[in-house]
file work.cif (mmCIF, C-alpha atoms and all ligand atoms)
data_structure
#
loop_
_atom_site.label_atom_id
_atom_site.label_comp_id
_atom_site.auth_asym_id
_atom_site.auth_seq_id
_atom_site.Cartn_x
_atom_site.Cartn_y
_atom_site.Cartn_z
CA MET A 29 -5.22 17.24 37.00
CA GLU A 30 -5.03 13.54 37.62
CA ASP A 31 -4.46 13.00 33.91
CA GLN A 32 -0.94 14.29 34.10
CA LEU A 33 0.01 11.33 36.26
CA ARG A 34 -1.20 8.81 33.73
CA ASN A 35 1.29 6.86 31.71
CA ILE A 36 1.11 7.18 27.96
CA THR A 37 2.50 4.64 25.54
CA SER A 38 1.97 3.90 21.88
CA CYS A 39 -0.10 1.04 20.55
CA ASP A 40 1.78 -1.69 18.68
CA GLU A 41 -1.05 -2.08 16.21
CA CYS A 42 -2.30 1.39 15.30
CA ASN A 43 0.63 3.46 16.63
CA SER A 44 -1.67 5.81 18.47
CA ASP A 45 -0.65 6.97 21.93
CA TYR A 46 -3.01 5.90 24.72
CA TYR A 47 -3.25 5.82 28.52
CA THR A 48 -1.80 2.52 29.69
CA ASP A 49 -4.11 2.22 32.70
CA ILE A 50 -7.27 2.05 30.60
CA SER A 51 -6.26 -0.86 28.38
CA GLN A 52 -6.40 -4.49 29.47
CA MET A 53 -3.61 -5.44 27.10
CA ALA A 54 0.01 -4.39 27.31
CA ASN A 55 1.11 -2.52 24.18
CA LEU A 56 -2.34 -2.31 22.65
CA CYS A 57 -4.79 0.56 22.90
CA PRO A 58 -8.35 -0.22 24.08
CA GLU A 59 -9.68 -0.04 20.52
CA CYS A 60 -7.17 -2.52 19.07
CA SER A 61 -7.38 -4.88 22.05
CA TYR A 62 -11.15 -4.87 21.67
CA ILE A 63 -11.05 -5.69 17.98
CA LEU A 64 -8.20 -8.19 18.19
CA TYR A 65 -8.93 -9.90 21.50
CA GLY A 66 -12.45 -8.90 22.50
CA CYS A 67 -11.26 -6.94 25.53
CA GLN A 68 -13.46 -4.22 26.88
CA ASN A 69 -13.29 -1.16 24.68
CA CYS A 70 -13.18 2.39 25.88
CA ASN A 71 -16.45 4.23 25.39
CA HIS A 72 -14.59 6.84 23.38
CA ASP A 73 -15.33 10.47 23.82
CA PHE A 74 -13.49 12.51 21.23
CA GLU A 75 -12.38 16.07 21.68
CA ASN A 76 -9.86 17.78 19.43
CA GLY A 77 -8.95 14.55 17.69
CA ARG A 78 -8.27 12.57 20.86
CA CYS A 79 -10.41 10.43 23.09
CA LYS A 80 -10.59 12.17 26.46
CA LYS A 81 -10.80 8.84 28.27
CA CYS A 82 -8.09 6.73 26.63
CA PHE A 83 -6.19 9.29 24.51
CA TRP A 84 -6.61 7.15 21.37
CA SER A 85 -6.27 9.23 18.20
CA GLY A 86 -8.70 7.23 16.10
CA SER A 87 -5.94 5.83 13.92
CA VAL A 88 -6.55 2.43 12.37
CA SER A 89 -3.98 -0.01 10.99
CA ASP A 90 -4.54 -1.72 7.64
CA TYR A 91 -5.02 -4.99 9.45
CA ILE A 92 -7.69 -3.59 11.76
CA GLN A 93 -9.40 -1.88 8.85
CA ASN A 94 -9.55 -5.23 7.16
CA ILE A 95 -11.19 -6.82 10.16
CA LYS A 96 -13.68 -4.00 10.31
CA ASP A 97 -14.42 -4.50 6.63
CA LYS A 98 -15.13 -8.13 7.29
CA ASN A 99 -17.65 -7.20 9.94
CA LEU A 100 -19.70 -5.72 7.15
CA ASN A 101 -23.35 -6.51 7.15
CA LYS A 102 -23.11 -9.06 4.36
CA SER A 103 -24.37 -12.55 3.75
CA LYS A 104 -22.12 -15.49 4.59
CA LYS A 105 -21.76 -16.20 0.90
CA ILE A 106 -20.44 -12.72 0.16
CA LEU A 107 -18.12 -12.78 3.18
CA SER A 108 -16.73 -16.14 2.17
CA ILE A 109 -15.97 -14.88 -1.35
CA ILE A 110 -14.12 -11.88 0.08
CA ASP A 111 -12.24 -14.12 2.47
CA PHE A 112 -11.34 -16.59 -0.25
CA LEU A 113 -10.05 -13.89 -2.61
CA GLN A 114 -8.17 -11.91 0.03
CA THR A 115 -6.52 -15.03 1.39
CA LYS A 116 -5.41 -16.08 -2.06
CA TYR A 117 -4.39 -12.71 -3.51
CA GLY A 118 -3.64 -10.65 -0.42
CA THR A 119 -5.68 -8.13 1.53
CA THR A 120 -3.74 -5.24 0.03
CA ASN A 121 -4.59 -6.37 -3.51
CA ILE A 122 -8.30 -6.94 -3.02
CA LEU A 123 -9.95 -3.93 -1.43
CA ILE A 124 -13.55 -3.60 -0.49
CA ILE A 125 -15.69 -0.78 -1.79
CA ASP A 126 -19.08 -1.00 -0.24
CA HIS A 127 -21.44 1.38 -1.94
CA TRP A 128 -24.28 -1.02 -1.40
CA ASP A 129 -24.42 -1.35 2.36
CA SER A 130 -28.15 -1.98 2.30
CA ASP A 131 -27.62 -4.98 0.05
CA LYS A 132 -26.29 -7.97 1.96
CA GLU A 133 -25.86 -9.99 -1.18
CA ALA A 134 -23.61 -7.58 -3.04
CA ILE A 135 -20.11 -6.22 -2.69
CA GLY A 136 -17.70 -4.12 -4.70
CA LEU A 137 -14.04 -5.04 -4.95
CA THR A 138 -11.16 -3.04 -6.31
CA GLU A 139 -7.39 -3.27 -6.54
CA LYS A 140 -4.62 -1.17 -4.99
CA SER A 141 -4.94 1.84 -7.24
CA LYS A 142 -8.76 1.74 -7.01
CA GLN A 143 -8.99 2.20 -10.75
CA LEU A 144 -10.72 -1.04 -11.60
CA LEU A 145 -13.88 -2.19 -9.96
CA ALA A 146 -15.74 -5.45 -9.84
CA TYR A 147 -19.23 -5.80 -8.47
CA ILE A 148 -20.29 -9.20 -7.22
CA SER A 149 -23.75 -10.26 -6.31
CA THR A 150 -25.28 -13.53 -5.22
CA ILE A 151 -28.70 -13.38 -6.68
CA SER A 152 -29.95 -16.90 -6.16
CA ASP A 153 -29.86 -19.56 -3.47
CA LYS A 154 -27.87 -21.89 -5.65
CA ASP A 155 -24.28 -22.46 -4.62
CA ASN A 156 -22.50 -21.60 -7.82
CA ASP A 157 -24.55 -18.83 -9.26
CA TYR A 158 -22.90 -15.44 -9.13
CA TYR A 159 -23.41 -12.20 -10.94
CA LEU A 160 -20.34 -10.18 -11.84
CA ALA A 161 -20.03 -6.73 -13.32
CA LEU A 162 -16.63 -5.42 -14.32
CA GLU A 163 -16.25 -1.70 -14.37
CA ASN A 164 -13.67 0.83 -15.41
CA PRO A 165 -13.36 4.28 -13.92
CA SER A 166 -15.00 6.96 -15.96
CA VAL A 167 -12.79 8.90 -18.33
CA ASN A 168 -13.54 12.18 -16.56
CA ASN A 169 -11.59 10.92 -13.57
CA GLU A 170 -14.58 11.25 -11.33
CA LEU A 171 -15.48 8.61 -8.81
CA VAL A 172 -18.00 7.16 -11.16
CA TYR A 173 -17.49 3.76 -12.67
CA SER A 174 -18.83 2.67 -15.98
CA PRO A 175 -19.80 -0.94 -16.53
CA ILE A 176 -18.01 -2.66 -19.33
CA GLU A 177 -18.99 -6.28 -18.95
CA GLU A 178 -21.62 -8.25 -17.12
CA PHE A 179 -21.81 -11.97 -16.42
CA TYR A 180 -24.61 -14.10 -15.05
CA ASN A 181 -24.72 -17.60 -13.58
CA LEU A 182 -21.00 -17.84 -12.92
CA SER A 183 -19.42 -20.55 -10.82
CA LEU A 184 -16.97 -19.41 -8.17
CA THR A 185 -14.06 -20.52 -10.35
CA GLU A 186 -15.34 -18.56 -13.33
CA LEU A 187 -15.97 -15.57 -11.11
CA GLU A 188 -12.46 -15.69 -9.70
CA ASP A 189 -10.95 -16.10 -13.13
CA ARG A 190 -12.72 -13.09 -14.65
CA LEU A 191 -12.26 -10.98 -11.55
CA ILE A 192 -8.51 -11.41 -11.19
CA LYS A 193 -7.97 -10.78 -14.90
CA HIS A 194 -9.97 -7.60 -14.65
CA LEU A 195 -8.19 -6.42 -11.51
CA LYS A 196 -4.91 -7.47 -13.13
CA LEU A 197 -3.99 -9.87 -10.35
CA THR A 198 -2.33 -13.09 -11.29
CA ASP A 199 -1.15 -16.06 -9.31
ZN ZN B 1 -4.36 0.65 18.76
ZN ZN B 2 -11.24 6.09 24.30
#
call {"tool": "encode", "arguments": {"input": "work.cif", "output": "structure tokens", "more": "lines below"}}
Ligand SMILES: [Zn+2]
Ligand SMILES: [Zn+2]
result
Amino acid sequence: MEDQLRNITSCDECNSDYYTDISQMANLCPECSYILYGCQNCNHDFENGRCKKCFWSGSVSDYIQNIKDKNLNKSKKILSIIDFLQTKYGTTNILIIDHWDSDKEAIGLTEKSKQLLAYISTISDKDNDYYLALENPSVNNELVYSPIEEFYNLSLTELEDRLIKHLKLTD
């Protein structure tokens, strides 16, 4: 087989092994070079946990996952809130939980341990008019959250303030 002659190296970003000849970037697999630099991606064809064409394992770094999260189908307003909060408090402290992928104007955020959830929605066209629901995990330890507090007509500052207190993030 020709494949045996192909060089394999590991990707600097996702650590997956890949065939060097198929990637346009040195030290990056086709998937990571596509997401990071817009290079041509491999049209992956997975078999037994590996792409047959580029040998990528499907692994994703935290950084890449974050970029993928940001490519969510959300309104600019929602994306800018996520960006603002993650820039200020760190992408590992503000995680996205998107149970509402059909709703462009809503997003769920949680913290590292995924115990505390905040649901944000932009219900009106006005600039500073946000809806926020703060939720705690259910006592039964199931992946069901129970709302504890709801706020309407918040400014971004008020939203941030309540959100970071709830998620126990401080400056
Ligand atoms: Zn990679
Ligand atoms: Zn591939």
call {"tool": "closest_residue", "arguments": {"input": "work.cif", "among": "A:Asn69, A:Asn76, A:Asn55, A:Gln114", "to": "Lys98 (chain A)", "atoms": "all atoms listed in the file"}}
result
A:Gln114
call {"tool": "atom_distance", "arguments": {"input": "work.cif", "atom1": "CA of Asp40 (chain A)", "atom2": "CA of Cys57 (chain A)"}}
result
8.1 Å
call {"tool": "residues_near_ligand", "arguments": {"input": "work.cif", "ligand": "ligand ZN 2 (chain B)", "cutoff": "7 Å", "atoms": "all atoms listed in the file", "output": "PDB file with C-alpha atoms, in the frame of the given file"}}
result
ATOM      1  CA  PRO A  58      -8.350  -0.220  24.080  1.00  0.00           C
ATOM      2  CA  CYS A  70     -13.180   2.390  25.880  1.00  0.00           C
ATOM      3  CA  ASN A  71     -16.450   4.230  25.390  1.00  0.00           C
ATOM      4  CA  HIS A  72     -14.590   6.840  23.380  1.00  0.00           C
ATOM      5  CA  ASP A  73     -15.330  10.470  23.820  1.00  0.00           C
ATOM      6  CA  CYS A  79     -10.410  10.430  23.090  1.00  0.00           C
ATOM      7  CA  LYS A  80     -10.590  12.170  26.460  1.00  0.00           C
ATOM      8  CA  LYS A  81     -10.800   8.840  28.270  1.00  0.00           C
ATOM      9  CA  CYS A  82      -8.090   6.730  26.630  1.00  0.00           C
ATOM     10  CA  PHE A  83      -6.190   9.290  24.510  1.00  0.00           C
ATOM     11  CA  TRP A  84      -6.610   7.150  21.370  1.00  0.00           C
TER      12      TRP A  84
END
call {"tool": "residues_near_ligand", "arguments": {"input": "work.cif", "ligand": "ligand ZN 1 (chain B)", "cutoff": "10 Å", "atoms": "all atoms listed in the file", "output": "PyMOL selection string"}}
result
chain A and resi 38-46+51+55-64+84-89+92
call {"tool": "write_last_selection", "arguments": {"input": "work.cif", "atoms": "C-alpha atoms", "output": "compact mmCIF listing (two decimals), in the frame of the given file"}}
result
# COMPACT_ATOMS: atom_id res chain seq x y z
CA SER A 38 1.97 3.90 21.88
CA CYS A 39 -0.10 1.04 20.55
CA ASP A 40 1.78 -1.69 18.68
CA GLU A 41 -1.05 -2.08 16.21
CA CYS A 42 -2.30 1.39 15.30
CA ASN A 43 0.63 3.46 16.63
CA SER A 44 -1.67 5.81 18.47
CA ASP A 45 -0.65 6.97 21.93
CA TYR A 46 -3.01 5.90 24.72
CA SER A 51 -6.26 -0.86 28.38
CA ASN A 55 1.11 -2.52 24.18
CA LEU A 56 -2.34 -2.31 22.65
CA CYS A 57 -4.79 0.56 22.90
CA PRO A 58 -8.35 -0.22 24.08
CA GLU A 59 -9.68 -0.04 20.52
CA CYS A 60 -7.17 -2.52 19.07
CA SER A 61 -7.38 -4.88 22.05
CA TYR A 62 -11.15 -4.87 21.67
CA ILE A 63 -11.05 -5.69 17.98
CA LEU A 64 -8.20 -8.19 18.19
CA TRP A 84 -6.61 7.15 21.37
CA SER A 85 -6.27 9.23 18.20
CA GLY A 86 -8.70 7.23 16.10
CA SER A 87 -5.94 5.83 13.92
CA VAL A 88 -6.55 2.43 12.37
CA SER A 89 -3.98 -0.01 10.99
CA ILE A 92 -7.69 -3.59 11.76
call {"tool": "residues_around", "arguments": {"input": "work.cif", "residues": "Asp90 (chain A)", "least_positions_apart": "3", "cutoff": "9 Å", "atoms": "only C-alpha atoms", "output": "ChimeraX atom specification"}}
result
/A:42,93-95,119-120
call {"tool": "residues_around", "arguments": {"input": "work.cif", "residues": "Ala161 (chain A)", "least_positions_apart": "5", "cutoff": "7 Å", "atoms": "only C-alpha atoms", "output": "ChimeraX atom specification"}}
result
/A:146-148,175,177-179
call {"tool": "atom_distance", "arguments": {"input": "work.cif", "atom1": "CA of Leu195 (chain A)", "atom2": "CA of Glu139 (chain A)"}}
result
5.9 Å
